[in-house]
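J.: Structure file run-v7.cif (mmCIF, C-alpha atoms) right here:
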data_structure
loop_
_atom_site.label_atom_id
_atom_site.label_comp_id
_atom_site.auth_asym_id
_atom_site.auth_seq_id
_atom_site.Cartn_x
_atom_site.Cartn_y
_atom_site.Cartn_z
CA MET Y 1 0.75 -4.25 4.56
CA ARG Y 2 4.22 -2.79 4.34
CA MET Y 3 6.70 -1.87 1.65
CA SER Y 4 9.98 -3.77 1.76
CA GLU Y 5 12.93 -2.08 3.48
CA GLY Y 6 14.85 -2.38 0.20
CA VAL Y 7 12.80 0.50 -1.22
CA GLU Y 8 14.10 2.88 1.42
CA TRP Y 9 17.74 1.82 0.87
CA GLY Y 10 17.30 1.98 -2.90
CA LEU Y 11 15.96 5.53 -2.81
CA HIS Y 12 18.77 6.66 -0.53
CA CYS Y 13 21.30 5.04 -2.89
CA CYS Y 14 19.84 6.91 -5.87
CA VAL Y 15 19.87 10.26 -4.05
CA THR Y 16 23.42 9.68 -2.78
CA LEU Y 17 24.70 8.65 -6.22
CA GLY Y 18 23.03 11.76 -7.61
CA TRP Y 19 24.87 13.97 -5.12
CA LEU Y 20 28.16 12.20 -5.83
CA ASP Y 21 27.69 12.30 -9.60
CA ASP Y 22 31.04 14.01 -10.25
CA ARG Y 23 32.80 11.35 -8.14
CA ALA Y 24 30.93 8.35 -9.59
CA PRO Y 25 31.18 5.44 -10.07
CA VAL Y 26 31.05 4.55 -6.37
CA SER Y 27 32.27 1.08 -5.42
CA ILE Y 28 29.95 -1.40 -3.74
CA ARG Y 29 32.42 -1.55 -0.83
CA ARG Y 30 32.11 2.19 -0.23
CA LEU Y 31 28.33 2.18 -0.64
CA ALA Y 32 28.08 -0.63 1.92
CA LEU Y 33 30.23 1.34 4.38
CA TRP Y 34 28.23 4.43 3.57
CA PHE Y 35 24.97 2.88 4.70
CA ASP Y 36 26.46 0.32 7.10
CA LEU Y 37 24.85 -2.49 5.11
CA PRO Y 38 26.07 -5.99 4.15
CA GLN Y 39 27.49 -5.82 0.61
CA GLU Y 40 25.48 -8.83 -0.58
CA TYR Y 41 22.18 -7.32 0.59
CA LEU Y 42 22.99 -4.02 -1.07
CA LYS Y 43 24.19 -5.66 -4.28
CA LYS Y 44 20.82 -7.35 -4.87
CA ARG Y 45 19.02 -3.99 -4.62
CA LEU Y 46 21.53 -2.27 -6.90
CA GLN Y 47 21.17 -5.05 -9.46
CA ALA Y 48 17.38 -4.70 -9.38
CA LEU Y 49 17.80 -0.96 -10.00
CA ALA Y 50 20.19 -1.72 -12.87
CA ARG Y 51 17.66 -4.10 -14.45
CA ALA Y 52 15.16 -1.23 -14.38
CA GLY Y 53 17.64 1.06 -16.15
CA ILE Y 54 17.98 3.33 -13.11
CA LEU Y 55 21.58 2.51 -12.13
CA THR Y 56 24.53 1.35 -14.15
CA SER Y 57 27.70 -0.41 -13.04
CA ALA Y 58 31.22 -0.20 -14.38
CA PRO Y 59 33.59 -3.17 -13.87
CA GLY Y 60 37.17 -3.07 -12.64
CA VAL Y 61 39.23 -1.69 -9.77
CA ARG Y 62 37.96 1.83 -10.36
CA GLY Y 63 34.48 0.57 -11.21
CA GLY Y 64 31.26 0.84 -9.24
CA TRP Y 65 27.78 2.24 -9.41
CA SER Y 66 26.27 5.43 -10.81
CA LEU Y 67 22.91 6.73 -11.99
CA ALA Y 68 22.10 5.51 -15.50
CA ARG Y 69 20.04 8.63 -16.25
CA PRO Y 70 19.89 12.25 -15.08
CA PRO Y 71 18.15 12.31 -11.65
CA GLU Y 72 15.34 14.47 -13.04
CA LYS Y 73 14.49 11.54 -15.32
CA ILE Y 74 14.10 9.01 -12.51
CA THR Y 75 10.79 9.05 -10.63
CA VAL Y 76 10.24 7.72 -7.11
CA MET Y 77 7.58 5.45 -8.64
CA GLU Y 78 10.18 3.78 -10.88
CA VAL Y 79 12.47 3.08 -7.94
CA VAL Y 80 9.59 1.63 -5.91
CA ALA Y 81 8.46 -0.52 -8.86
CA ALA Y 82 12.00 -1.82 -9.38
CA LEU Y 83 12.41 -2.88 -5.75
CA GLU Y 84 8.94 -3.94 -4.65
CA ASP Y 85 7.75 -7.36 -5.76
CA GLY Y 86 4.07 -6.62 -6.21
CA LEU Y 87 2.57 -3.17 -6.58
CA ASP Y 88 -1.07 -4.19 -6.23
CA LEU Y 89 -2.12 -3.54 -2.66
CA PHE Y 90 -5.52 -5.10 -3.19
CA CYS Y 91 -6.10 -8.48 -4.78
CA CYS Y 92 -9.69 -9.16 -5.86
CA THR Y 93 -10.65 -12.81 -5.36
CA GLU Y 94 -14.15 -12.37 -6.81
CA VAL Y 95 -15.89 -12.73 -3.47
CA ARG Y 96 -19.12 -11.65 -5.17
CA GLN Y 97 -19.21 -15.00 -7.02
CA LYS Y 98 -18.68 -17.17 -3.94
CA GLY Y 99 -21.05 -19.12 -1.72
CA ALA Y 100 -24.85 -18.90 -1.60
CA GLY Y 101 -24.69 -15.16 -2.28
CA GLY Y 102 -23.17 -15.63 -5.72
CA GLU Y 103 -25.72 -18.14 -7.01
CA GLY Y 104 -28.00 -17.52 -9.97
CA ALA Y 105 -26.17 -14.51 -11.38
CA ALA Y 106 -26.71 -13.49 -15.01
CA PRO Y 107 -23.62 -14.42 -17.07
CA SER Y 108 -23.09 -10.74 -17.93
CA GLU Y 109 -23.10 -9.63 -14.30
CA PHE Y 110 -19.47 -10.42 -13.58
CA ALA Y 111 -18.09 -9.15 -16.88
CA LYS Y 112 -17.22 -5.77 -15.36
CA PRO Y 113 -14.81 -5.58 -12.41
CA CYS Y 114 -16.36 -5.66 -8.94
CA GLY Y 115 -17.10 -2.16 -7.61
CA ILE Y 116 -14.97 -2.81 -4.54
CA SER Y 117 -12.01 -3.74 -6.70
CA SER Y 118 -12.53 -0.59 -8.82
CA VAL Y 119 -12.41 1.70 -5.78
CA MET Y 120 -9.24 -0.03 -4.56
CA ARG Y 121 -7.67 0.37 -8.00
CA ARG Y 122 -8.51 4.09 -8.06
CA ALA Y 123 -6.88 4.57 -4.68
CA GLU Y 124 -3.76 2.71 -5.80
CA LEU Y 125 -3.60 4.86 -8.93
CA ALA Y 126 -3.73 7.99 -6.76
CA TRP Y 127 -0.82 6.58 -4.73
CA ARG Y 128 1.22 5.78 -7.85
CA ARG Y 129 0.43 9.10 -9.47
CA GLU Y 130 1.84 10.91 -6.43
CA LEU Y 131 4.99 8.76 -6.42
CA ALA Y 132 5.41 9.36 -10.16
CA SER Y 133 5.26 13.13 -9.66
CA HIS Y 134 8.50 13.23 -7.64
CA THR Y 135 11.96 12.58 -9.08
CA VAL Y 136 15.32 11.74 -7.57
CA ALA Y 137 16.35 15.30 -8.52
CA ASP Y 138 13.47 16.67 -6.39
CA LEU Y 139 14.66 14.62 -3.42
CA MET Y 140 18.24 15.86 -3.95
CA GLU Y 141 17.14 19.49 -4.08
CA ARG Y 142 15.01 19.29 -0.96
CA SER Y 143 17.92 18.34 1.25
CA PRO Y 144 20.77 20.83 0.70
CA GLN Y 145 22.32 19.93 4.06
CA GLY Y 146 22.30 16.28 3.10
CA ALA Y 147 24.05 17.11 -0.18
CA GLU Y 148 26.80 19.02 1.63
CA ARG Y 149 27.29 16.37 4.28
CA THR Y 150 27.40 13.65 1.61
CA ARG Y 151 30.12 15.40 -0.40
CA ARG Y 152 32.12 16.21 2.74
CA ASN Y 153 31.92 12.65 4.09
CA TYR Y 154 32.75 11.12 0.72
CA LEU Y 155 35.84 13.30 0.38
CA ARG Y 156 36.97 12.09 3.79
CA MET Y 157 36.26 8.45 2.85
CA THR Y 158 38.16 8.60 -0.43
CA GLY Y 159 40.76 11.18 0.46
CA MET B 1 3.08 -5.43 0.00
CA ARG B 2 -0.50 -6.64 0.04
CA MET B 3 -3.67 -5.84 1.93
CA SER B 4 -5.10 -8.69 4.00
CA GLU B 5 -7.90 -10.76 2.46
CA GLY B 6 -10.06 -9.79 5.42
CA VAL B 7 -10.53 -6.33 3.93
CA GLU B 8 -12.20 -7.76 0.83
CA TRP B 9 -14.53 -9.96 2.88
CA GLY B 10 -15.29 -7.10 5.26
CA LEU B 11 -16.27 -4.74 2.45
CA HIS B 12 -18.50 -7.39 0.85
CA CYS B 13 -20.14 -8.00 4.25
CA CYS B 14 -20.88 -4.29 4.65
CA VAL B 15 -22.36 -3.97 1.15
CA THR B 16 -24.42 -7.14 1.59
CA LEU B 17 -25.73 -6.04 5.00
CA GLY B 18 -26.59 -2.69 3.41
CA TRP B 19 -28.63 -4.40 0.69
CA LEU B 20 -30.34 -6.63 3.25
CA ASP B 21 -31.04 -3.79 5.65
CA ASP B 22 -34.79 -4.46 5.83
CA ARG B 23 -34.06 -8.14 6.62
CA ALA B 24 -31.29 -7.48 9.17
CA PRO B 25 -29.93 -8.64 11.53
CA VAL B 26 -28.34 -11.48 9.55
CA SER B 27 -27.05 -14.44 11.55
CA ILE B 28 -23.37 -15.38 11.44
CA ARG B 29 -24.41 -18.82 10.18
CA ARG B 30 -26.16 -17.32 7.17
CA LEU B 31 -23.35 -14.88 6.47
CA ALA B 32 -20.85 -17.76 6.54
CA LEU B 33 -22.99 -19.75 4.08
CA TRP B 34 -23.44 -16.61 2.01
CA PHE B 35 -19.72 -16.23 1.44
CA ASP B 36 -18.75 -19.89 1.91
CA LEU B 37 -16.43 -18.93 4.76
CA PRO B 38 -15.61 -20.61 8.11
CA GLN B 39 -17.75 -18.94 10.80
CA GLU B 40 -14.79 -18.38 13.12
CA TYR B 41 -12.81 -16.57 10.42
CA LEU B 42 -15.77 -14.39 9.54
CA LYS B 43 -16.59 -13.67 13.18
CA LYS B 44 -13.19 -12.12 13.84
CA ARG B 45 -13.65 -9.70 10.93
CA LEU B 46 -17.19 -8.80 11.99
CA GLN B 47 -15.99 -8.17 15.54
CA ALA B 48 -13.25 -5.86 14.25
CA LEU B 49 -15.88 -3.95 12.26
CA ALA B 50 -18.06 -3.75 15.39
CA ARG B 51 -15.16 -2.34 17.41
CA ALA B 52 -14.85 0.39 14.77
CA GLY B 53 -18.56 1.22 15.10
CA ILE B 54 -19.33 0.02 11.57
CA LEU B 55 -21.38 -3.09 12.40
CA THR B 56 -23.54 -3.96 15.35
CA SER B 57 -24.67 -7.35 16.60
CA ALA B 58 -27.90 -8.38 18.32
CA PRO B 59 -27.88 -11.44 20.58
CA GLY B 60 -30.34 -14.33 20.62
CA VAL B 61 -31.99 -16.78 18.24
CA ARG B 62 -33.19 -14.03 15.93
CA GLY B 63 -30.02 -12.03 16.46
CA GLY B 64 -27.15 -11.38 14.09
CA TRP B 65 -25.31 -8.62 12.32
CA SER B 66 -26.33 -5.33 10.76
CA LEU B 67 -24.80 -2.00 9.80
CA ALA B 68 -24.40 0.27 12.82
CA ARG B 69 -24.80 3.41 10.70
CA PRO B 70 -26.43 4.38 7.41
CA PRO B 71 -24.23 3.10 4.55
CA GLU B 72 -23.65 6.64 3.30
CA LYS B 73 -21.93 7.33 6.63
CA ILE B 74 -19.41 4.48 6.30
CA THR B 75 -16.39 5.14 4.10
CA VAL B 76 -14.27 2.47 2.44
CA MET B 77 -11.31 3.97 4.32
CA GLU B 78 -12.96 3.22 7.66
CA VAL B 79 -13.54 -0.41 6.73
CA VAL B 80 -9.95 -0.79 5.54
CA ALA B 81 -8.63 0.86 8.72
CA ALA B 82 -10.74 -1.44 10.89
CA LEU B 83 -9.47 -4.61 9.21
CA GLU B 84 -5.91 -3.84 8.26
CA ASP B 85 -3.30 -3.97 11.01
CA GLY B 86 -1.01 -1.19 9.85
CA LEU B 87 -1.93 1.50 7.37
CA ASP B 88 1.58 2.90 6.85
CA LEU B 89 2.97 1.40 3.67
CA PHE B 90 6.35 3.00 4.20
CA CYS B 91 8.32 2.84 7.42
CA CYS B 92 11.21 5.33 7.67
CA THR B 93 14.18 3.83 9.52
CA GLU B 94 16.27 7.03 9.27
CA VAL B 95 18.70 5.62 6.75
CA ARG B 96 20.14 9.12 6.34
CA GLN B 97 21.64 8.88 9.85
CA LYS B 98 23.31 5.49 9.33
CA GLY B 99 26.85 4.47 8.48
CA ALA B 100 29.68 6.65 7.23
CA GLY B 101 27.25 8.75 5.22
CA GLY B 102 25.43 9.97 8.30
CA GLU B 103 28.51 11.15 10.23
CA GLY B 104 29.14 14.75 11.23
CA ALA B 105 25.63 16.04 10.69
CA ALA B 106 24.48 19.26 12.33
CA PRO B 107 22.08 18.47 15.21
CA SER B 108 19.34 20.42 13.47
CA GLU B 109 19.65 18.49 10.22
CA PHE B 110 17.50 15.55 11.24
CA ALA B 111 14.81 17.58 13.02
CA LYS B 112 12.61 17.63 9.92
CA PRO B 113 11.38 14.33 8.39
CA CYS B 114 13.55 12.85 5.64
CA GLY B 115 12.45 13.99 2.16
CA ILE B 116 11.97 10.38 1.05
CA SER B 117 9.66 9.72 3.97
CA SER B 118 7.69 12.91 3.17
CA VAL B 119 7.07 11.84 -0.44
CA MET B 120 5.94 8.41 0.71
CA ARG B 121 3.59 10.00 3.24
CA ARG B 122 2.08 12.25 0.56
CA ALA B 123 1.43 9.24 -1.66
CA GLU B 124 -0.20 7.35 1.21
CA LEU B 125 -2.40 10.35 1.96
CA ALA B 126 -3.53 10.41 -1.68
CA TRP B 127 -4.43 6.72 -1.36
CA ARG B 128 -6.35 7.27 1.88
CA ARG B 129 -8.10 10.35 0.53
CA GLU B 130 -9.42 8.33 -2.41
CA LEU B 131 -10.62 5.51 -0.12
CA ALA B 132 -12.29 8.07 2.16
CA SER B 133 -14.20 9.56 -0.78
CA HIS B 134 -16.23 6.37 -1.38
CA THR B 135 -18.92 5.06 0.96
CA VAL B 136 -20.63 1.71 1.38
CA ALA B 137 -23.72 3.40 -0.10
CA ASP B 138 -21.71 4.26 -3.25
CA LEU B 139 -20.66 0.63 -3.60
CA MET B 140 -24.29 -0.50 -3.13
CA GLU B 141 -25.55 1.90 -5.78
CA ARG B 142 -22.93 0.95 -8.35
CA SER B 143 -24.07 -2.67 -8.49
CA PRO B 144 -27.86 -2.79 -9.03
CA GLN B 145 -27.64 -6.36 -10.32
CA GLY B 146 -25.76 -7.38 -7.18
CA ALA B 147 -28.47 -5.80 -5.04
CA GLU B 148 -31.21 -7.72 -6.86
CA ARG B 149 -29.35 -11.02 -6.76
CA THR B 150 -28.60 -10.55 -3.06
CA ARG B 151 -32.24 -9.94 -2.16
CA ARG B 152 -33.43 -12.82 -4.33
CA ASN B 153 -30.87 -15.27 -2.90
CA TYR B 154 -31.53 -14.19 0.68
CA LEU B 155 -35.24 -14.73 0.24
CA ARG B 156 -34.52 -18.25 -0.98
CA MET B 157 -32.12 -18.90 1.90
CA THR B 158 -34.54 -17.75 4.58
CA GLY B 159 -37.50 -19.46 2.92
#
Let me see the structure of the file written as structure tokens.
T.:
Amino acid sequence: MRMSEGVEWGLHCCVTLGWLDDRAPVSIRRLALWFDLPQEYLKKRLQALARAGILTSAPGVRGGWSLARPPEKITVMEVVAALEDGLDLFCCTEVRQKGAGGEGAAPSEFAKPCGISSVMRRAELAWRRELASHTVADLMERSPQGAERTRRNYLRMTG
Amino acid sequence: MRMSEGVEWGLHCCVTLGWLDDRAPVSIRRLALWFDLPQEYLKKRLQALARAGILTSAPGVRGGWSLARPPEKITVMEVVAALEDGLDLFCCTEVRQKGAGGEGAAPSEFAKPCGISSVMRRAELAWRRELASHTVADLMERSPQGAERTRRNYLRMTG
């Protein structure tokens, strides 16, 4: 049970593009060098973030990628949802209705979700609620050294 | 990103064994019929629950499986932890240190966990906290019809 690696790269891209906002757009070539990632791998993640309205891309020689919204308007939950295929950790297969144990139930009995499924759903909501309470701007603020290093290294890369 | 099916079966086993407490131990053969599952598949899950001190097995012709503790002393979190290989949804690979973006950092900069990793950890803790706040006894109580059906069907199965 593990989140895809793409989520981690995607979040770092958003934070980096937030820090480099006055230098954006940032080309895919530079972003790939930045993270030492294959361009094609990175491109797929950036495109998924664009489909979710989190990033935007400008065409042309001076084109590239930038945040589509202010970083305080992008939650960690949105980035995770854009990059992770399925967000439901638990999948209820209605075990209660199976085998000899499920026989002879009243038709109404299975109308409400199974109690096990409900507890799992509550836990997943707690997880999502926490992810939704943090924004890309929060992540940017919490790492002032990272912000400085990013601007310094980008100046060197482009200068 | 999905929990293994074994967690769902394991939780249903615990709740069922809780309801059948006065008829326990329940043989693996009956449990397999109960859930319409291959015995070998079920056995592996029951053994994992036994290793976690959640279930106990008695040998012999009249042997079988029962809860090792009162159901109010078994949390959903414990059952999930016993049956799920890894509980960390997010794995930090220190993206901040990679590529051109990570160059020239002060040695102290990476001493603290990455902010992205910290947010993910907080969300996972919220998920675990919710799972830890529900017990097998809670699940048993919330489904009185399931309890009745289980006792009725088990009586029929055991003659």
J.: Can I get the residues of region 5-105 of chain Y within 10 Å of region 32-49 of chain B, each with the closest pair of atoms and their distance in Å to one decimal, using only C-alpha atoms, sorted chain first then ascending number, as CSV?
T.:
residue,atom,partner,partner_atom,distance
Y:Val95,CA,B:Phe35,CA,7.1
Y:Arg96,CA,B:Phe35,CA,8.1
Y:Gln97,CA,B:Phe35,CA,8.6
Y:Lys98,CA,B:Phe35,CA,5.6
Y:Gly99,CA,B:Asp36,CA,4.4
Y:Ala100,CA,B:Trp34,CA,4.5
Y:Gly101,CA,B:Trp34,CA,4.7
Y:Gly102,CA,B:Trp34,CA,7.8
Y:Glu103,CA,B:Trp34,CA,9.4
J.: Expressed in Å to a single decimal, how great is the separation between CA of Ile54 (chain B) and CA of Met120 (chain B)?
T.: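 One can read the CA of Ile54 (chain B) to CA of Met120 (chain B) distance as 28.8 Å.
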J.: Residues of chain Y within 7 Å of chain B, using all atoms listed in the file, as a ChimeraX atom specification?
T.: /Y:1-3,33-36,86-90,98-101,105,109,115-116,123-124,126-127,130-131,139,142,145,149-150,153
J.: Please compute the CA of Thr158 (chain B)-CA of Ala82 (chain B) distance, one decimal, in Å.
T.: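 Taking CA of Thr158 (chain B) as the start and CA of Ala82 (chain B) as the end point, the length is 29.5 Å.
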J.: Mind pulling up the distance from CA of Arg51 (chain Y) to CA of Pro71 (chain Y)?
T.: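 Pair CA of Pro71 (chain Y) / CA of Arg51 (chain Y) returns 16.7 Å.
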J.: Point out the residue among Y:Ile74, Y:Val79, Y:Ala52, Y:Leu67 with the least atom-to-atom distance to Leu17 (chain Y), counting all atoms listed in the file.
T.: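 Using all atoms listed in the file, Leu17 (chain Y) sits closest to Y:Leu67.
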J.: Go through B:Ala81, B:Leu155, B:Ala111, B:Ile28 and flag the residue nearest Arg62 (chain B), using only C-alpha atoms for the distances.
T.: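 Selected residue with least distance to Arg62 (chain B): B:Ile28.
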J.: Can you work out which one of Y:Gly159, Y:Gly10, Y:Glu72, Y:Gly53 has the shortest atom-to-atom distance to Arg23 (chain Y), counting all atoms listed in the file?
T.: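 Nearest to Arg23 (chain Y): Y:Gly159.
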J.: Run the PyMOL selection byres ((chain B and resi 26) around 6) on the file and write out the hits as a ChimeraX atom specification.
T.: /B:24-25,27,64-65
